[in-house]
Each structure stands twice: as C-alpha cells, then as structure tokens.
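What follows is a set of notes on a single structure, which appears directly below.
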Amino acid sequence: MQDVIAGYLIVGIFSLGGFFVTRAWTREWSVFALNLSAVGVIALVGLYTAFVWENLFLTELLPFSNLIVLSNLYPLAALVLAAIATNRLRDQGWRRVIPMSGLLGAGVWSLIYPLIGQAPECQTNWDTQGICYQTTDQTCTAACAATLLNYYKIPTTEEEMAELCLTRQGTSWKGFYRGLKLKTKDTPYLVRMDYLSAGELAAARRPVVLRVGKRAWLGSGNAAGLPEGWNVGEIHSVVCLGRIHGYYVIADPNPDIGIEYWSEEELLKVWDGHSARLERSYEGPLFKNTRSGLENIRTLAAR
C-alpha cells in the first residue's frame with residue numbers, strides 16, 4: 001500500500017494548498033463573486049465527473065500504480081469550496097464550521113472509499129490452457145488479470161490480483177490498472193489501457209482484457225440490443241485471445257462458460273472498446289519472433 005499512501009500525501013498536500021490559496025485569494029471578494037465562484041467550481045466538478053473521471057487517457061497522463069488516488073480531484077474541489085464558504089460566511093462565526101466539515105468529510109470519503117472493506121477470499125481454479133476462472137462473484141476482473149499475466153509468464157493468483165486491484169464488490173478499472181502496474185514492475189512490459197476498434201482488437205495478436213456489458217446509468221436506449229442473458233448494469237471482464245476464422249476467441253472467467261467464439265456483431269453489442277493489454281517496451285508484436293498469432297490462438301482455445 002506504499003503507493004496508495006504516497007498518493008494520499010500528494011493529494012492531501014495539493015488539496016490543503018488549494019484551500020489556503022483560495023482562502024487568501026478570495027478574502028476580499030464580494031458575496032456575489034464568492035457565490036459565482038462556488039457555482040463555477042461545482043460546474044467544473046460536474047464536467048470532470050462526466051468527461052475525465054472514467055476516461056482512459058488518465059493512464060497516459062498519470063501512468064502510476066496509484067492513479068486511483070492521484071486522479072481524484074474531488075478532495076481538492078471540496079477544500080476549494082470550503083475556502084470559499086469560509087469567506088462567504090465570515091460573519092457567521094462558528095456556524096461556518098458546519099459546511100466546512102461537510103465538505104472536508106466529502107473530500108476524505110472520496111479518497112478512502114476504494115479501500116473500505118476487504119478483498120474477497122479466492123480459491124485456485126486454473127485450466128490446462130492457462131485460463132484462470134473466478135471463484136467468487138466479484139473477481140472476474142482479478143481472474144482476467146491473472147490469465148493475462150500468466151500468458152507472459154508473470155506468476156500470480158486470482159486472490160493476489162483481487163488484493164492488488166482493490167477488488168471489493170467488484171473491481172474498478174483504476175484498481176485493475178494498479179494491479180497490473182504493480183505486477184509488471186521491473187519487467188519489460190508496459191500496461192496499456194485504451195479504446196480499440198474491432199479491427200484493432202483482431203490485429204493485436206496478443207491477449208486483451210475487455211470490459212463488457214452496459215452500465216445502468218446509460219439508460220435503456222443505449223442498452224438496447226444486449227444479447228440474451230445480459231442485463232443492464234452488469235459489467236463483466238473477459239479475455240480476448242485473438243480472432244480465428246472471423247470469430248473472436250473469448251476466455252470468459254466464469255467457470256460455467258469458459259471459451260466462447262463471438263462474431264464481430266456479438267462483440268460490439270456488449271463492448272465499447274474499453275481494453276487492457278501488455279506491450280513490450282522495446283520490441284514489436286509479442287508473437288513476432290515465435291509462432292504465428294494464429295497458432296497461439298489455436299493452442300489457447302483448444303478444448
């Protein structure tokens with residue numbers, strides 16, 4: 001947890017700095033200006049939540065294992081608002097402590113909530129092809145991470161990845177990124193998270209972890225067309241092993257499913273391009289100097 005603690009210190013310093021700078025800067029502002037600035041901060045938080053908080057470009061901007069902490073601007077925003085509230089309520093005496101405490105509490109909560117609780121206890125369930133199957137309802141992403149790392153001969157387990165990925169009732173993609181970054185430290189592999197097209201996925205010639213499903217907040221219109229058995233709001237992780245004869249070879253960590261073959265149409269019904277993979281930092285495609293990608297896919301998909 002050293003990376004998380006370091007992240008807390010960095011975010012804490014910046015947030016406190018934001019409080020004192022904002023408090024000094026706005027000390028002489030009028031009530032109207034203070035109200036307007038508060039509305040502006042709230043609007044910026046809304047934009048950040050809508051367009052930045054879940055955007056994978058953060059992995060390029062902050063390529064660190066504690067991204068889940070460093071990318072959290074809510075504590076900074078909360079303390080900036082607290083500073084504005086302090087000056088806005090300067091004549092209220094001790095009463096201004098109430099909104100300040102609420103804002104401070106909201107900022108602290110946004111930092112610690114990913115760590116609340118414990119990772120699920122997992123068993124060991126690997127098949128002969130190197131696919132790790134989930135042993136709890138919450139650890140599909142952790143199992144996919146184990147499968148991905150095992151392919152690159154990086155030893156791990158579902159339970160270890162659940163711990164490193166901060167899995168609780170599920171695994172956020174930032175927690176998933178943390179787990180992969182920690183396990184690939186001091187290896188020649190880089191963690192890449194971005195949005196791929198179906199064609200780019202087929203050309204990847206390496207295992208790629210896909211986030212599939214439709215979030216409930218997208219609404220029924222966006223979720224229309226989900227295949228039978230898929231429910232709105234259920235997010236799942238699978239590993240794409242490649243494409244063979246026009247079908248994507250999908251390793252589902254659910255032990256009742258295992259290997260499936262999806263057409264491009266089926267894939268695009270449940271996948272928006274959200275992907276994670278490992279890449280060597282100094283050479284081309286993984287299969288370049290070994291067997292062909294097609295042979296590797298056949299081996300992995302063999303049953």
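In the structure tokens, chains take the letters A, B, ... in the order shown, each chain's residues start at 1, and ligands count up from 1 in the order shown.
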Arg23 of chain A environment, 9 Å, only C-alpha atoms, sequence neighbours closer than 6 positions dropped, as a PyMOL selection string: chain A and resi 80+82-87
Take the selection from the previous step and output its residues with C-alpha atoms, as a PDB file, in the first residue's frame.
ATOM      1  CA  VAL A  80     -11.557  24.927  -2.522  1.00  0.00           C
ATOM      2  CA  ALA A  82     -14.621  25.023   1.866  1.00  0.00           C
ATOM      3  CA  ALA A  83     -12.295  28.021   1.480  1.00  0.00           C
ATOM      4  CA  ILE A  84     -14.943  29.905  -0.484  1.00  0.00           C
ATOM      5  CA  ALA A  85     -17.541  29.008   2.146  1.00  0.00           C
ATOM      6  CA  THR A  86     -15.237  30.293   4.906  1.00  0.00           C
ATOM      7  CA  ASN A  87     -15.051  33.721   3.281  1.00  0.00           C
TER       8      ASN A  87
END
Helix (DSSP H, G or I) positions in segment 36-285 of chain A, given as a PyMOL selection string: chain A and resi 36-51+58-61+67-70+74-88+90-115+140-151+158-164+173-183+198-203+216-223+264-270
Minimum-distance residue to Arg168 of chain A, chosen among A:Gly117, A:Val209, A:Tyr152, A:Tyr189 (using only C-alpha atoms): A:Gly117
Each residue of segment 2-36 of chain A lying at most 7 Å from segment 48-67 of chain A should get a row with its shortest atom-to-atom pair and the distance in Å to one decimal, counting only C-alpha atoms; could you produce that, ordered by chain and increasing number, as CSV?
residue,atom,partner,partner_atom,distance
A:Asp3,CA,A:Asn66,CA,5.5
A:Val4,CA,A:Asn66,CA,5.4
A:Gly7,CA,A:Asn66,CA,6.0
Contact residues around Leu201 of chain A with only C-alpha atoms at 10 Å, ignoring same-chain residues under 6 positions, as a count of residues only: 11
Set out as a tab-separated table a contact list for segment 146-229 of chain A and segment 118-139 of chain A with a cut-off of 12 Å, giving each residue of segment 146-229 of chain A that qualifies its closest atom pair and distance in Å to one decimal, counting only C-alpha atoms, ordered by chain and rising residue number.
residue	atom	partner	partner_atom	distance
A:Ala146	CA	A:Cys132	CA	6.3
A:Thr147	CA	A:Ile131	CA	5.3
A:Leu148	CA	A:Ile131	CA	8.6
A:Leu149	CA	A:Gly130	CA	10.0
A:Asn150	CA	A:Gly130	CA	6.8
A:Tyr151	CA	A:Gly130	CA	7.2
A:Tyr152	CA	A:Gly130	CA	10.6
A:Lys153	CA	A:Gly130	CA	10.2
A:Ile154	CA	A:Gly130	CA	11.8
A:Pro155	CA	A:Gly130	CA	11.1
A:Thr156	CA	A:Cys132	CA	10.1
A:Thr157	CA	A:Thr124	CA	7.4
A:Glu158	CA	A:Cys122	CA	6.6
A:Glu159	CA	A:Cys122	CA	5.1
A:Glu160	CA	A:Cys122	CA	8.8
A:Met161	CA	A:Thr139	CA	8.9
A:Ala162	CA	A:Ala119	CA	5.9
A:Glu163	CA	A:Ala119	CA	5.4
A:Leu164	CA	A:Ala119	CA	8.9
A:Cys165	CA	A:Ala119	CA	8.8
A:Leu166	CA	A:Ala119	CA	6.6
A:Thr167	CA	A:Ala119	CA	5.3
A:Arg168	CA	A:Ala119	CA	5.2
A:Gln169	CA	A:Gln138	CA	5.6
A:Gly170	CA	A:Gln138	CA	4.7
A:Thr171	CA	A:Thr139	CA	7.3
A:Ser172	CA	A:Thr139	CA	11.0
A:Gly175	CA	A:Ala119	CA	11.7
A:Phe176	CA	A:Thr139	CA	10.8
A:Pro207	CA	A:Ile131	CA	11.3
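Closest approach to Arg206 of chain A among A:Asp252, A:Glu279, A:Glu264, A:Asp91: A:Glu279, based on only C-alpha atoms.
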Selected residue, from A:Pro114, A:Val31, A:Leu278, A:Ser37, that lies nearest to Lys183 of chain A when counting only C-alpha atoms: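 Closest candidate: A:Leu278.
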For Gly107 of chain A: contacts at 9 Å, only C-alpha atoms, fewer than 2 positions along chain excluded, given as a PyMOL selection string: chain A and resi 73-79+102-105+109-111
Residue subset to file, keeping N, CA and C atoms, as a PDB file, in the first residue's frame:
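Dumped everything to selection_0.pdb:
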ATOM      1  N   LEU A  73      -9.729  14.359  -8.073  1.00  0.00           N
ATOM      2  CA  LEU A  73      -9.712  15.800  -7.814  1.00  0.00           C
ATOM      3  C   LEU A  73     -10.826  16.244  -6.874  1.00  0.00           C
ATOM      4  N   TYR A  74     -11.637  15.304  -6.398  1.00  0.00           N
ATOM      5  CA  TYR A  74     -12.740  15.686  -5.510  1.00  0.00           C
ATOM      6  C   TYR A  74     -12.263  16.291  -4.193  1.00  0.00           C
ATOM      7  N   PRO A  75     -11.192  15.771  -3.557  1.00  0.00           N
ATOM      8  CA  PRO A  75     -10.726  16.421  -2.325  1.00  0.00           C
ATOM      9  C   PRO A  75     -10.277  17.858  -2.555  1.00  0.00           C
ATOM     10  N   LEU A  76      -9.564  18.101  -3.663  1.00  0.00           N
ATOM     11  CA  LEU A  76      -9.145  19.466  -3.981  1.00  0.00           C
ATOM     12  C   LEU A  76     -10.355  20.363  -4.171  1.00  0.00           C
ATOM     13  N   ALA A  77     -11.335  19.888  -4.924  1.00  0.00           N
ATOM     14  CA  ALA A  77     -12.538  20.690  -5.164  1.00  0.00           C
ATOM     15  C   ALA A  77     -13.287  20.951  -3.859  1.00  0.00           C
ATOM     16  N   ALA A  78     -13.347  19.938  -2.999  1.00  0.00           N
ATOM     17  CA  ALA A  78     -14.059  20.096  -1.730  1.00  0.00           C
ATOM     18  C   ALA A  78     -13.392  21.150  -0.849  1.00  0.00           C
ATOM     19  N   LEU A  79     -12.070  21.161  -0.799  1.00  0.00           N
ATOM     20  CA  LEU A  79     -11.381  22.135   0.042  1.00  0.00           C
ATOM     21  C   LEU A  79     -11.394  23.529  -0.574  1.00  0.00           C
ATOM     22  N   GLY A 102     -18.585  19.413   6.473  1.00  0.00           N
ATOM     23  CA  GLY A 102     -19.242  18.555   5.495  1.00  0.00           C
ATOM     24  C   GLY A 102     -18.432  18.402   4.227  1.00  0.00           C
ATOM     25  N   LEU A 103     -17.874  19.502   3.747  1.00  0.00           N
ATOM     26  CA  LEU A 103     -17.062  19.460   2.523  1.00  0.00           C
ATOM     27  C   LEU A 103     -15.773  18.681   2.751  1.00  0.00           C
ATOM     28  N   LEU A 104     -15.151  18.876   3.897  1.00  0.00           N
ATOM     29  CA  LEU A 104     -13.936  18.136   4.213  1.00  0.00           C
ATOM     30  C   LEU A 104     -14.224  16.644   4.292  1.00  0.00           C
ATOM     31  N   GLY A 105     -15.337  16.307   4.935  1.00  0.00           N
ATOM     32  CA  GLY A 105     -15.710  14.895   5.039  1.00  0.00           C
ATOM     33  C   GLY A 105     -15.966  14.272   3.677  1.00  0.00           C
ATOM     34  N   TRP A 109     -13.861  11.148   2.179  1.00  0.00           N
ATOM     35  CA  TRP A 109     -14.595   9.938   1.795  1.00  0.00           C
ATOM     36  C   TRP A 109     -14.278   9.531   0.371  1.00  0.00           C
ATOM     37  N   SER A 110     -14.176  10.502  -0.523  1.00  0.00           N
ATOM     38  CA  SER A 110     -13.889  10.174  -1.923  1.00  0.00           C
ATOM     39  C   SER A 110     -12.529   9.507  -2.078  1.00  0.00           C
ATOM     40  N   LEU A 111     -11.612   9.771  -1.130  1.00  0.00           N
ATOM     41  CA  LEU A 111     -10.284   9.165  -1.189  1.00  0.00           C
ATOM     42  C   LEU A 111     -10.259   7.744  -0.617  1.00  0.00           C
TER      43      LEU A 111
END
Strand (DSSP E) call set, DSSP backbone run, segment 8-216 of chain A, as a VMD selection string: chain A and resid 189 to 195 208 to 212
Atom-to-atom span, atom CA of Ile112 of chain A and atom CA of Met100 of chain A, Å: 18.6 Å
Interatomic distance, atom CA of Leu34 of chain A to atom CA of Arg88 of chain A (Å, one decimal):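 One can read the atom CA of Leu34 of chain A to atom CA of Arg88 of chain A distance as 6.3 Å.
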